[in-house]
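Raw contents of upload_30.txt, compact mmCIF, N, CA and C atoms:
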# COMPACT_ATOMS: atom_id res chain seq x y z
N GLN F 50 7.14 4.25 0.55
CA GLN F 50 6.20 3.49 -0.23
C GLN F 50 4.99 4.36 -0.55
N VAL F 51 4.31 3.98 -1.62
CA VAL F 51 3.17 4.77 -2.04
C VAL F 51 1.99 4.53 -1.10
N GLN F 52 1.28 5.60 -0.77
CA GLN F 52 0.06 5.52 0.02
C GLN F 52 -1.13 5.68 -0.92
N LEU F 53 -2.19 4.89 -0.69
CA LEU F 53 -3.35 4.90 -1.56
C LEU F 53 -4.59 5.22 -0.75
N MET F 54 -5.46 6.06 -1.30
CA MET F 54 -6.70 6.41 -0.62
C MET F 54 -7.86 6.32 -1.59
N GLU F 55 -8.81 5.45 -1.28
CA GLU F 55 -9.99 5.28 -2.10
C GLU F 55 -11.11 6.23 -1.66
N SER F 56 -11.95 6.56 -2.61
CA SER F 56 -13.15 7.35 -2.32
C SER F 56 -14.20 7.05 -3.37
N GLY F 57 -15.43 7.47 -3.09
CA GLY F 57 -16.49 7.32 -4.07
C GLY F 57 -17.48 6.22 -3.81
N GLY F 58 -17.25 5.43 -2.78
CA GLY F 58 -18.20 4.37 -2.47
C GLY F 58 -19.48 4.94 -1.88
N GLY F 59 -20.47 4.08 -1.75
CA GLY F 59 -21.74 4.52 -1.18
C GLY F 59 -22.84 3.53 -1.47
N LEU F 60 -24.06 3.98 -1.23
CA LEU F 60 -25.25 3.16 -1.46
C LEU F 60 -25.88 3.57 -2.78
N VAL F 61 -26.17 2.58 -3.60
CA VAL F 61 -26.76 2.84 -4.91
C VAL F 61 -27.77 1.74 -5.22
N GLN F 62 -28.78 2.08 -5.98
CA GLN F 62 -29.76 1.08 -6.38
C GLN F 62 -29.24 0.24 -7.53
N ALA F 63 -29.72 -0.96 -7.64
CA ALA F 63 -29.35 -1.81 -8.76
C ALA F 63 -29.65 -1.11 -10.08
N GLY F 64 -28.70 -1.21 -11.00
CA GLY F 64 -28.82 -0.52 -12.27
C GLY F 64 -28.16 0.84 -12.29
N GLY F 65 -27.77 1.33 -11.13
CA GLY F 65 -27.15 2.63 -11.01
C GLY F 65 -25.65 2.58 -11.28
N SER F 66 -25.00 3.73 -11.08
CA SER F 66 -23.57 3.87 -11.37
C SER F 66 -22.85 4.54 -10.21
N LEU F 67 -21.58 4.22 -10.10
CA LEU F 67 -20.67 4.89 -9.17
C LEU F 67 -19.32 4.99 -9.83
N ARG F 68 -18.55 6.00 -9.43
CA ARG F 68 -17.17 6.08 -9.87
C ARG F 68 -16.28 6.14 -8.63
N LEU F 69 -15.42 5.15 -8.53
CA LEU F 69 -14.45 5.11 -7.45
C LEU F 69 -13.16 5.79 -7.89
N SER F 70 -12.51 6.43 -6.93
CA SER F 70 -11.23 7.07 -7.19
C SER F 70 -10.19 6.53 -6.22
N CYS F 71 -8.97 6.44 -6.69
CA CYS F 71 -7.84 6.01 -5.87
C CYS F 71 -6.73 7.03 -6.06
N ALA F 72 -6.51 7.82 -5.02
CA ALA F 72 -5.48 8.85 -5.08
C ALA F 72 -4.19 8.31 -4.47
N ALA F 73 -3.11 8.42 -5.20
CA ALA F 73 -1.80 7.97 -4.73
C ALA F 73 -1.02 9.14 -4.17
N SER F 74 -0.14 8.82 -3.22
CA SER F 74 0.62 9.86 -2.53
C SER F 74 1.75 10.43 -3.37
N ARG F 75 2.07 9.74 -4.46
CA ARG F 75 3.11 10.23 -5.36
C ARG F 75 2.84 9.72 -6.76
N SER F 76 3.74 10.02 -7.66
CA SER F 76 3.55 9.69 -9.06
C SER F 76 3.32 8.19 -9.27
N ILE F 77 2.35 7.88 -10.13
CA ILE F 77 2.07 6.49 -10.45
C ILE F 77 2.64 6.09 -11.81
N ILE F 78 3.33 7.02 -12.46
CA ILE F 78 3.85 6.75 -13.80
C ILE F 78 4.74 5.52 -13.83
N VAL F 79 5.55 5.36 -12.79
CA VAL F 79 6.52 4.25 -12.80
C VAL F 79 6.00 2.99 -12.14
N ILE F 80 4.78 3.04 -11.64
CA ILE F 80 4.21 1.85 -10.99
C ILE F 80 3.78 0.85 -12.06
N ASN F 81 4.18 -0.40 -11.88
CA ASN F 81 3.95 -1.43 -12.90
C ASN F 81 2.48 -1.57 -13.26
N SER F 82 1.63 -1.68 -12.25
CA SER F 82 0.21 -1.81 -12.52
C SER F 82 -0.58 -1.32 -11.31
N MET F 83 -1.77 -0.84 -11.61
CA MET F 83 -2.72 -0.42 -10.59
C MET F 83 -3.97 -1.27 -10.77
N ALA F 84 -4.60 -1.59 -9.67
CA ALA F 84 -5.74 -2.49 -9.77
C ALA F 84 -6.80 -2.17 -8.72
N TRP F 85 -7.99 -2.65 -9.00
CA TRP F 85 -9.09 -2.63 -8.03
C TRP F 85 -9.42 -4.07 -7.67
N TYR F 86 -9.52 -4.31 -6.39
CA TYR F 86 -9.98 -5.59 -5.86
C TYR F 86 -11.26 -5.32 -5.07
N ARG F 87 -11.96 -6.37 -4.78
CA ARG F 87 -13.11 -6.23 -3.89
C ARG F 87 -13.23 -7.46 -3.00
N GLN F 88 -13.87 -7.23 -1.86
CA GLN F 88 -14.09 -8.32 -0.91
C GLN F 88 -15.48 -8.18 -0.33
N ALA F 89 -16.32 -9.14 -0.65
CA ALA F 89 -17.65 -9.19 -0.07
C ALA F 89 -17.59 -9.88 1.28
N SER F 90 -18.56 -9.63 2.10
CA SER F 90 -18.59 -10.21 3.44
C SER F 90 -18.53 -11.73 3.36
N GLY F 91 -17.57 -12.32 4.05
CA GLY F 91 -17.43 -13.76 4.08
C GLY F 91 -16.69 -14.37 2.91
N ASP F 92 -16.31 -13.53 1.96
CA ASP F 92 -15.61 -14.02 0.76
C ASP F 92 -14.15 -13.59 0.76
N GLN F 93 -13.39 -14.22 -0.14
CA GLN F 93 -12.00 -13.81 -0.31
C GLN F 93 -11.92 -12.57 -1.20
N ARG F 94 -10.84 -11.86 -1.06
CA ARG F 94 -10.61 -10.69 -1.91
C ARG F 94 -10.36 -11.16 -3.35
N GLU F 95 -10.98 -10.49 -4.31
CA GLU F 95 -10.85 -10.88 -5.70
C GLU F 95 -10.49 -9.68 -6.57
N LEU F 96 -9.77 -10.00 -7.64
CA LEU F 96 -9.38 -8.96 -8.59
C LEU F 96 -10.59 -8.55 -9.43
N VAL F 97 -10.79 -7.26 -9.56
CA VAL F 97 -11.88 -6.73 -10.38
C VAL F 97 -11.35 -6.22 -11.71
N ALA F 98 -10.33 -5.38 -11.65
CA ALA F 98 -9.80 -4.77 -12.87
C ALA F 98 -8.37 -4.34 -12.61
N VAL F 99 -7.58 -4.35 -13.67
CA VAL F 99 -6.18 -3.94 -13.56
C VAL F 99 -5.81 -3.10 -14.78
N ILE F 100 -4.94 -2.13 -14.56
CA ILE F 100 -4.42 -1.31 -15.66
C ILE F 100 -2.91 -1.22 -15.49
N THR F 101 -2.20 -1.53 -16.57
CA THR F 101 -0.75 -1.53 -16.51
C THR F 101 -0.18 -0.16 -16.82
N ARG F 102 1.12 -0.07 -16.70
CA ARG F 102 1.79 1.21 -16.93
C ARG F 102 1.58 1.71 -18.36
N ASP F 103 1.47 0.76 -19.31
CA ASP F 103 1.28 1.18 -20.70
C ASP F 103 -0.20 1.36 -21.07
N GLY F 104 -1.08 1.21 -20.08
CA GLY F 104 -2.50 1.45 -20.31
C GLY F 104 -3.32 0.24 -20.66
N SER F 105 -2.72 -0.92 -20.72
CA SER F 105 -3.47 -2.15 -20.98
C SER F 105 -4.38 -2.46 -19.80
N THR F 106 -5.56 -2.98 -20.10
CA THR F 106 -6.52 -3.27 -19.04
C THR F 106 -6.99 -4.72 -19.11
N ASN F 107 -7.47 -5.19 -17.98
CA ASN F 107 -8.04 -6.53 -17.91
C ASN F 107 -9.09 -6.53 -16.82
N TYR F 108 -10.13 -7.35 -17.02
CA TYR F 108 -11.27 -7.33 -16.10
C TYR F 108 -11.70 -8.74 -15.72
N GLN F 109 -12.26 -8.83 -14.54
CA GLN F 109 -12.93 -10.05 -14.14
C GLN F 109 -14.15 -10.23 -15.06
N ASP F 110 -14.43 -11.47 -15.42
CA ASP F 110 -15.50 -11.73 -16.37
C ASP F 110 -16.84 -11.12 -15.94
N SER F 111 -17.13 -11.15 -14.67
CA SER F 111 -18.45 -10.71 -14.20
C SER F 111 -18.67 -9.20 -14.35
N VAL F 112 -17.59 -8.44 -14.57
CA VAL F 112 -17.75 -6.98 -14.68
C VAL F 112 -17.47 -6.47 -16.09
N LYS F 113 -17.06 -7.35 -16.98
CA LYS F 113 -16.76 -6.93 -18.35
C LYS F 113 -18.00 -6.30 -18.99
N GLY F 114 -17.78 -5.15 -19.62
CA GLY F 114 -18.88 -4.44 -20.25
C GLY F 114 -19.63 -3.50 -19.31
N ARG F 115 -19.37 -3.63 -18.01
CA ARG F 115 -20.04 -2.76 -17.03
C ARG F 115 -19.07 -1.83 -16.31
N PHE F 116 -17.87 -2.32 -16.03
CA PHE F 116 -16.88 -1.54 -15.31
C PHE F 116 -15.77 -1.10 -16.27
N SER F 117 -15.16 0.04 -15.92
CA SER F 117 -14.05 0.54 -16.73
C SER F 117 -13.00 1.15 -15.81
N ILE F 118 -11.77 0.68 -15.95
CA ILE F 118 -10.66 1.22 -15.15
C ILE F 118 -9.87 2.19 -16.02
N SER F 119 -9.44 3.28 -15.40
CA SER F 119 -8.63 4.27 -16.13
C SER F 119 -7.66 4.92 -15.14
N ARG F 120 -6.69 5.60 -15.70
CA ARG F 120 -5.70 6.27 -14.85
C ARG F 120 -5.42 7.65 -15.39
N ASP F 121 -5.20 8.59 -14.49
CA ASP F 121 -4.79 9.95 -14.84
C ASP F 121 -3.44 10.17 -14.16
N ASN F 122 -2.38 10.00 -14.92
CA ASN F 122 -1.05 10.10 -14.35
C ASN F 122 -0.76 11.51 -13.82
N ALA F 123 -1.35 12.50 -14.45
CA ALA F 123 -1.11 13.88 -14.00
C ALA F 123 -1.69 14.12 -12.61
N LYS F 124 -2.75 13.40 -12.28
CA LYS F 124 -3.39 13.55 -10.97
C LYS F 124 -3.03 12.42 -10.02
N ASN F 125 -2.18 11.51 -10.45
CA ASN F 125 -1.79 10.37 -9.62
C ASN F 125 -3.02 9.62 -9.12
N THR F 126 -3.98 9.42 -10.00
CA THR F 126 -5.26 8.85 -9.61
C THR F 126 -5.70 7.77 -10.59
N VAL F 127 -6.28 6.74 -10.04
CA VAL F 127 -6.87 5.66 -10.83
C VAL F 127 -8.37 5.63 -10.52
N TYR F 128 -9.15 5.38 -11.54
CA TYR F 128 -10.61 5.38 -11.39
C TYR F 128 -11.19 4.01 -11.72
N LEU F 129 -12.35 3.76 -11.17
CA LEU F 129 -13.15 2.61 -11.57
C LEU F 129 -14.57 3.10 -11.78
N GLN F 130 -14.95 3.18 -13.04
CA GLN F 130 -16.32 3.55 -13.37
C GLN F 130 -17.17 2.29 -13.39
N MET F 131 -18.20 2.27 -12.58
CA MET F 131 -19.05 1.09 -12.44
C MET F 131 -20.47 1.44 -12.87
N ASN F 132 -20.93 0.79 -13.91
CA ASN F 132 -22.27 1.03 -14.44
C ASN F 132 -23.11 -0.23 -14.31
N ASN F 133 -24.41 -0.04 -14.38
CA ASN F 133 -25.35 -1.16 -14.31
C ASN F 133 -25.02 -2.07 -13.12
N LEU F 134 -24.90 -1.47 -11.97
CA LEU F 134 -24.49 -2.22 -10.78
C LEU F 134 -25.54 -3.24 -10.39
N GLU F 135 -25.04 -4.35 -9.85
CA GLU F 135 -25.88 -5.46 -9.41
C GLU F 135 -25.65 -5.71 -7.92
N SER F 136 -26.58 -6.39 -7.30
CA SER F 136 -26.44 -6.65 -5.86
C SER F 136 -25.17 -7.44 -5.55
N ASP F 137 -24.74 -8.29 -6.48
CA ASP F 137 -23.51 -9.07 -6.27
C ASP F 137 -22.26 -8.21 -6.31
N ASP F 138 -22.38 -6.96 -6.71
CA ASP F 138 -21.23 -6.06 -6.70
C ASP F 138 -21.00 -5.45 -5.32
N THR F 139 -21.90 -5.69 -4.39
CA THR F 139 -21.74 -5.18 -3.03
C THR F 139 -20.48 -5.75 -2.40
N ALA F 140 -19.60 -4.87 -1.95
CA ALA F 140 -18.32 -5.29 -1.38
C ALA F 140 -17.54 -4.06 -0.93
N VAL F 141 -16.47 -4.32 -0.22
CA VAL F 141 -15.47 -3.28 0.01
C VAL F 141 -14.50 -3.33 -1.16
N TYR F 142 -14.28 -2.19 -1.79
CA TYR F 142 -13.39 -2.10 -2.94
C TYR F 142 -12.06 -1.51 -2.51
N TYR F 143 -11.00 -2.20 -2.89
CA TYR F 143 -9.65 -1.79 -2.52
C TYR F 143 -8.84 -1.42 -3.76
N CYS F 144 -8.09 -0.36 -3.62
CA CYS F 144 -7.12 0.02 -4.65
C CYS F 144 -5.79 -0.64 -4.31
N SER F 145 -5.06 -1.02 -5.35
CA SER F 145 -3.79 -1.70 -5.14
C SER F 145 -2.77 -1.23 -6.17
N ALA F 146 -1.53 -1.15 -5.73
CA ALA F 146 -0.43 -0.78 -6.62
C ALA F 146 0.65 -1.83 -6.54
N ASP F 147 1.08 -2.32 -7.69
CA ASP F 147 2.16 -3.31 -7.76
C ASP F 147 3.42 -2.56 -8.17
N GLU F 148 4.31 -2.38 -7.22
CA GLU F 148 5.52 -1.63 -7.47
C GLU F 148 6.72 -2.55 -7.27
N ASN F 149 7.31 -2.95 -8.36
CA ASN F 149 8.50 -3.81 -8.32
C ASN F 149 8.25 -5.08 -7.50
N GLY F 150 7.08 -5.65 -7.69
CA GLY F 150 6.76 -6.90 -7.03
C GLY F 150 6.19 -6.75 -5.63
N ILE F 151 6.14 -5.55 -5.13
CA ILE F 151 5.56 -5.30 -3.81
C ILE F 151 4.17 -4.69 -4.01
N ARG F 152 3.19 -5.28 -3.36
CA ARG F 152 1.81 -4.80 -3.51
C ARG F 152 1.43 -3.92 -2.34
N HIS F 153 0.94 -2.75 -2.67
CA HIS F 153 0.48 -1.81 -1.67
C HIS F 153 -1.05 -1.71 -1.75
N TRP F 154 -1.67 -1.46 -0.61
CA TRP F 154 -3.13 -1.44 -0.54
C TRP F 154 -3.65 -0.16 0.10
N GLY F 155 -4.82 0.26 -0.36
CA GLY F 155 -5.56 1.28 0.34
C GLY F 155 -6.42 0.63 1.42
N LYS F 156 -7.19 1.45 2.13
CA LYS F 156 -8.01 0.93 3.22
C LYS F 156 -9.39 0.50 2.76
N GLY F 157 -9.75 0.84 1.55
CA GLY F 157 -11.00 0.38 0.98
C GLY F 157 -12.14 1.37 1.10
N THR F 158 -13.11 1.19 0.21
CA THR F 158 -14.34 1.99 0.24
C THR F 158 -15.51 1.05 0.00
N LEU F 159 -16.57 1.22 0.78
CA LEU F 159 -17.69 0.30 0.73
C LEU F 159 -18.68 0.70 -0.35
N VAL F 160 -19.03 -0.28 -1.16
CA VAL F 160 -20.08 -0.12 -2.17
C VAL F 160 -21.22 -1.06 -1.82
N THR F 161 -22.40 -0.49 -1.67
CA THR F 161 -23.59 -1.28 -1.36
C THR F 161 -24.62 -1.06 -2.44
N VAL F 162 -25.04 -2.15 -3.07
CA VAL F 162 -26.03 -2.08 -4.13
C VAL F 162 -27.32 -2.70 -3.63
N SER F 163 -28.36 -1.89 -3.59
CA SER F 163 -29.66 -2.38 -3.11
C SER F 163 -30.50 -2.85 -4.30
N SER F 164 -31.20 -3.95 -4.06
CA SER F 164 -32.02 -4.51 -5.16
C SER F 164 -33.46 -4.07 -5.06
With the file now loaded, output its structure as structure tokens.
Amino acid sequence: QVQLMESGGGLVQAGGSLRLSCAASRSIIVINSMAWYRQASGDQRELVAVITRDGSTNYQDSVKGRFSISRDNAKNTVYLQMNNLESDDTAVYYCSADENGIRHWGKGTLVTVSS
């Protein structure tokens, strides 16, 4: 199964930017979709953004216009560019891969936005 490793989290002030990376252990070309989820303390995990194998994207309403998901198949990596961050974006961000109906998860990276 594919292994996923997130990086790029950290502490940032409101209005700032971060770029998260998700490195996969093997080719992501054949993976149906890759996604970023997040989970704030005390909340359920929620979908933030998804990118399909053909490059189609979809976003949670609260991040539309601020976040951008992309993939580099040559590097087996998916990115989440986060701009104009808000305190409500504070959460652990998880990378996920949907491979033939089986969902794989990374261990997450913490994003903290200070107001």
Can you tell me, as a CSV table (one decimal) with N, CA and C atoms, keeping the file's coordinate frame, which residues sit within 5 Å of (-1.7, -3.8, -7.9) in the file's frame, using all atoms listed in the file?
chain,number,residue,atom,x,y,z
F,82,SER,N,1.6,-1.7,-12.2
F,82,SER,CA,0.2,-1.8,-12.5
F,82,SER,C,-0.6,-1.3,-11.3
F,83,MET,N,-1.8,-0.8,-11.6
F,83,MET,CA,-2.7,-0.4,-10.6
F,83,MET,C,-4.0,-1.3,-10.8
F,84,ALA,N,-4.6,-1.6,-9.7
F,84,ALA,CA,-5.7,-2.5,-9.8
F,84,ALA,C,-6.8,-2.2,-8.7
F,145,SER,N,-5.1,-1.0,-5.4
F,145,SER,CA,-3.8,-1.7,-5.1
F,145,SER,C,-2.8,-1.2,-6.2
F,146,ALA,N,-1.5,-1.2,-5.7
F,146,ALA,CA,-0.4,-0.8,-6.6
F,146,ALA,C,0.6,-1.8,-6.5
F,147,ASP,N,1.1,-2.3,-7.7
F,147,ASP,CA,2.2,-3.3,-7.8
F,147,ASP,C,3.4,-2.6,-8.2
As JSON, please report the centre and edge lengths, rounded to one decimal in Å, of the axis-aligned box that holds all listed atoms of segment 117-122 of chain F with 3 Å of padding on each of the six sides.
{"center_x": -8.0, "center_y": 5.8, "center_z": -15.3, "size_x": 20.4, "size_y": 17.5, "size_z": 8.9}
For segment 158-162 of chain F: contacts at 10 Å, only C-alpha atoms, fewer than 2 positions along chain excluded, given as number ranges by chain:
F: 54-67, 69-71, 87-89, 134-144, 155-156, 164
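Between Ala98 of chain F and the candidates F:Ser74, F:Gly157, F:Ser117, F:Arg152, the tightest atom-to-atom separation, counting all atoms listed in the file, involves F:Ser117.
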Chain F: residues DSSP assigns to strand (DSSP E), reported as a tab-separated table (two decimals) with N, CA and C atoms, in the frame of the given file:
chain	number	residue	atom	x	y	z
F	53	LEU	N	-2.19	4.89	-0.69
F	53	LEU	CA	-3.35	4.90	-1.56
F	53	LEU	C	-4.59	5.22	-0.75
F	54	MET	N	-5.46	6.06	-1.30
F	54	MET	CA	-6.70	6.41	-0.62
F	54	MET	C	-7.86	6.32	-1.59
F	55	GLU	N	-8.81	5.45	-1.28
F	55	GLU	CA	-9.99	5.28	-2.10
F	55	GLU	C	-11.11	6.23	-1.66
F	56	SER	N	-11.95	6.56	-2.61
F	56	SER	CA	-13.15	7.35	-2.32
F	56	SER	C	-14.20	7.05	-3.37
F	59	GLY	N	-20.47	4.08	-1.75
F	59	GLY	CA	-21.74	4.52	-1.18
F	59	GLY	C	-22.84	3.53	-1.47
F	60	LEU	N	-24.06	3.98	-1.23
F	60	LEU	CA	-25.25	3.16	-1.46
F	60	LEU	C	-25.88	3.57	-2.78
F	61	VAL	N	-26.17	2.58	-3.60
F	61	VAL	CA	-26.76	2.84	-4.91
F	61	VAL	C	-27.77	1.74	-5.22
F	62	GLN	N	-28.78	2.08	-5.98
F	62	GLN	CA	-29.76	1.08	-6.38
F	62	GLN	C	-29.24	0.24	-7.53
F	67	LEU	N	-21.58	4.22	-10.10
F	67	LEU	CA	-20.67	4.89	-9.17
F	67	LEU	C	-19.32	4.99	-9.83
F	68	ARG	N	-18.55	6.00	-9.43
F	68	ARG	CA	-17.17	6.08	-9.87
F	68	ARG	C	-16.28	6.14	-8.63
F	69	LEU	N	-15.42	5.15	-8.53
F	69	LEU	CA	-14.45	5.11	-7.45
F	69	LEU	C	-13.16	5.79	-7.89
F	70	SER	N	-12.51	6.43	-6.93
F	70	SER	CA	-11.23	7.07	-7.19
F	70	SER	C	-10.19	6.53	-6.22
F	71	CYS	N	-8.97	6.44	-6.69
F	71	CYS	CA	-7.84	6.01	-5.87
F	71	CYS	C	-6.73	7.03	-6.06
F	72	ALA	N	-6.51	7.82	-5.02
F	72	ALA	CA	-5.48	8.85	-5.08
F	72	ALA	C	-4.19	8.31	-4.47
F	73	ALA	N	-3.11	8.42	-5.20
F	73	ALA	CA	-1.80	7.97	-4.73
F	73	ALA	C	-1.02	9.14	-4.17
F	82	SER	N	1.63	-1.68	-12.25
F	82	SER	CA	0.21	-1.81	-12.52
F	82	SER	C	-0.58	-1.32	-11.31
F	83	MET	N	-1.77	-0.84	-11.61
F	83	MET	CA	-2.72	-0.42	-10.59
F	83	MET	C	-3.97	-1.27	-10.77
F	84	ALA	N	-4.60	-1.59	-9.67
F	84	ALA	CA	-5.74	-2.49	-9.77
F	84	ALA	C	-6.80	-2.17	-8.72
F	85	TRP	N	-7.99	-2.65	-9.00
F	85	TRP	CA	-9.09	-2.63	-8.03
F	85	TRP	C	-9.42	-4.07	-7.67
F	86	TYR	N	-9.52	-4.31	-6.39
F	86	TYR	CA	-9.98	-5.59	-5.86
F	86	TYR	C	-11.26	-5.32	-5.07
F	87	ARG	N	-11.96	-6.37	-4.78
F	87	ARG	CA	-13.11	-6.23	-3.89
F	87	ARG	C	-13.23	-7.46	-3.00
F	88	GLN	N	-13.87	-7.23	-1.86
F	88	GLN	CA	-14.09	-8.32	-0.91
F	88	GLN	C	-15.48	-8.18	-0.33
F	95	GLU	N	-10.98	-10.49	-4.31
F	95	GLU	CA	-10.85	-10.88	-5.70
F	95	GLU	C	-10.49	-9.68	-6.57
F	96	LEU	N	-9.77	-10.00	-7.64
F	96	LEU	CA	-9.38	-8.96	-8.59
F	96	LEU	C	-10.59	-8.55	-9.43
F	97	VAL	N	-10.79	-7.26	-9.56
F	97	VAL	CA	-11.88	-6.73	-10.38
F	97	VAL	C	-11.35	-6.22	-11.71
F	98	ALA	N	-10.33	-5.38	-11.65
F	98	ALA	CA	-9.80	-4.77	-12.87
F	98	ALA	C	-8.37	-4.34	-12.61
F	99	VAL	N	-7.58	-4.35	-13.67
F	99	VAL	CA	-6.18	-3.94	-13.56
F	99	VAL	C	-5.81	-3.10	-14.78
F	100	ILE	N	-4.94	-2.13	-14.56
F	100	ILE	CA	-4.42	-1.31	-15.66
F	100	ILE	C	-2.91	-1.22	-15.49
F	101	THR	N	-2.20	-1.53	-16.57
F	101	THR	CA	-0.75	-1.53	-16.51
F	101	THR	C	-0.18	-0.16	-16.82
F	106	THR	N	-5.56	-2.98	-20.10
F	106	THR	CA	-6.52	-3.27	-19.04
F	106	THR	C	-6.99	-4.72	-19.11
F	107	ASN	N	-7.47	-5.19	-17.98
F	107	ASN	CA	-8.04	-6.53	-17.91
F	107	ASN	C	-9.09	-6.53	-16.82
F	108	TYR	N	-10.13	-7.35	-17.02
F	108	TYR	CA	-11.27	-7.33	-16.10
F	108	TYR	C	-11.70	-8.74	-15.72
F	116	PHE	N	-17.87	-2.32	-16.03
F	116	PHE	CA	-16.88	-1.54	-15.31
F	116	PHE	C	-15.77	-1.10	-16.27
F	117	SER	N	-15.16	0.04	-15.92
F	117	SER	CA	-14.05	0.54	-16.73
F	117	SER	C	-13.00	1.15	-15.81
F	118	ILE	N	-11.77	0.68	-15.95
F	118	ILE	CA	-10.66	1.22	-15.15
F	118	ILE	C	-9.87	2.19	-16.02
F	119	SER	N	-9.44	3.28	-15.40
F	119	SER	CA	-8.63	4.27	-16.13
F	119	SER	C	-7.66	4.92	-15.14
F	120	ARG	N	-6.69	5.60	-15.70
F	120	ARG	CA	-5.70	6.27	-14.85
F	120	ARG	C	-5.42	7.65	-15.39
F	121	ASP	N	-5.20	8.59	-14.49
F	121	ASP	CA	-4.79	9.95	-14.84
F	121	ASP	C	-3.44	10.17	-14.16
F	126	THR	N	-3.98	9.42	-10.00
F	126	THR	CA	-5.26	8.85	-9.61
F	126	THR	C	-5.70	7.77	-10.59
F	127	VAL	N	-6.28	6.74	-10.04
F	127	VAL	CA	-6.87	5.66	-10.83
F	127	VAL	C	-8.37	5.63	-10.52
F	128	TYR	N	-9.15	5.38	-11.54
F	128	TYR	CA	-10.61	5.38	-11.39
F	128	TYR	C	-11.19	4.01	-11.72
F	129	LEU	N	-12.35	3.76	-11.17
F	129	LEU	CA	-13.15	2.61	-11.57
F	129	LEU	C	-14.57	3.10	-11.78
F	130	GLN	N	-14.95	3.18	-13.04
F	130	GLN	CA	-16.32	3.55	-13.37
F	130	GLN	C	-17.17	2.29	-13.39
F	131	MET	N	-18.20	2.27	-12.58
F	131	MET	CA	-19.05	1.09	-12.44
F	131	MET	C	-20.47	1.44	-12.87
F	140	ALA	N	-19.60	-4.87	-1.95
F	140	ALA	CA	-18.32	-5.29	-1.38
F	140	ALA	C	-17.54	-4.06	-0.93
F	141	VAL	N	-16.47	-4.32	-0.22
F	141	VAL	CA	-15.47	-3.28	0.01
F	141	VAL	C	-14.50	-3.33	-1.16
F	142	TYR	N	-14.28	-2.19	-1.79
F	142	TYR	CA	-13.39	-2.10	-2.94
F	142	TYR	C	-12.06	-1.51	-2.51
F	143	TYR	N	-11.00	-2.20	-2.89
F	143	TYR	CA	-9.65	-1.79	-2.52
F	143	TYR	C	-8.84	-1.42	-3.76
F	144	CYS	N	-8.09	-0.36	-3.62
F	144	CYS	CA	-7.12	0.02	-4.65
F	144	CYS	C	-5.79	-0.64	-4.31
F	145	SER	N	-5.06	-1.02	-5.35
F	145	SER	CA	-3.79	-1.70	-5.14
F	145	SER	C	-2.77	-1.23	-6.17
F	146	ALA	N	-1.53	-1.15	-5.73
F	146	ALA	CA	-0.43	-0.78	-6.62
F	146	ALA	C	0.65	-1.83	-6.54
F	147	ASP	N	1.08	-2.32	-7.69
F	147	ASP	CA	2.16	-3.31	-7.76
F	147	ASP	C	3.42	-2.56	-8.17
F	148	GLU	N	4.31	-2.38	-7.22
F	148	GLU	CA	5.52	-1.63	-7.47
F	148	GLU	C	6.72	-2.55	-7.27
F	151	ILE	N	6.14	-5.55	-5.13
F	151	ILE	CA	5.56	-5.30	-3.81
F	151	ILE	C	4.17	-4.69	-4.01
F	152	ARG	N	3.19	-5.28	-3.36
F	152	ARG	CA	1.81	-4.80	-3.51
F	152	ARG	C	1.43	-3.92	-2.34
F	153	HIS	N	0.94	-2.75	-2.67
F	153	HIS	CA	0.48	-1.81	-1.67
F	153	HIS	C	-1.05	-1.71	-1.75
F	154	TRP	N	-1.67	-1.46	-0.61
F	154	TRP	CA	-3.13	-1.44	-0.54
F	154	TRP	C	-3.65	-0.16	0.10
F	158	THR	N	-13.11	1.19	0.21
F	158	THR	CA	-14.34	1.99	0.24
F	158	THR	C	-15.51	1.05	0.00
F	159	LEU	N	-16.57	1.22	0.78
F	159	LEU	CA	-17.69	0.30	0.73
F	159	LEU	C	-18.68	0.70	-0.35
F	160	VAL	N	-19.03	-0.28	-1.16
F	160	VAL	CA	-20.08	-0.12	-2.17
F	160	VAL	C	-21.22	-1.06	-1.82
F	161	THR	N	-22.40	-0.49	-1.67
F	161	THR	CA	-23.59	-1.28	-1.36
F	161	THR	C	-24.62	-1.06	-2.44
F	162	VAL	N	-25.04	-2.15	-3.07
F	162	VAL	CA	-26.03	-2.08	-4.13
F	162	VAL	C	-27.32	-2.70	-3.63
F	163	SER	N	-28.36	-1.89	-3.59
F	163	SER	CA	-29.66	-2.38	-3.11
F	163	SER	C	-30.50	-2.85	-4.30
Let me make sure I understand: among F:Thr126, F:Ala73, F:Arg68, F:Ile100, which one has the smallest atom-to-atom distance to Val51 of chain F if we use all atoms listed in the file?
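Of F:Thr126, F:Ala73, F:Arg68, F:Ile100, the one nearest Val51 of chain F, counting all atoms listed in the file, is F:Ala73.
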Interatomic distance, atom CA of Gly150 of chain F to atom CA of Ile77 of chain F (Å, one decimal)
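Atom CA of Ile77 of chain F lies at a distance of 14.6 Å from atom CA of Gly150 of chain F.
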Top pick for closest residue to Asn149 of chain F, considering F:Val127, F:Leu53, F:Ala72, F:Ile80 and counting only N, CA and C atoms:
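Using only N, CA and C atoms, Asn149 of chain F sits closest to F:Ile80.
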Do you have the atom N of Glu95 of chain F-atom CA of Glu148 of chain F distance handy?
19.0 Å
Excluding Ser76 of chain F and its own-chain neighbours fewer than 2 positions away, which residues fall within 8 Å of it when counting only C-alpha atoms? Please give them as a PyMOL selection string.
chain F and resi 73-74+78-79+122-123+125
Would you mind reading off the distance between atom CA of Ser105 of chain F and atom CA of Gln50 of chain F, one decimal, in Å?
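That distance, rounded to one decimal, is 23.6 Å.
The nearest approach to Leu129 of chain F among the residues F:Trp154, F:Gln52, F:Gly114, F:Val97, with only C-alpha atoms taken into account, belongs to F:Val97.
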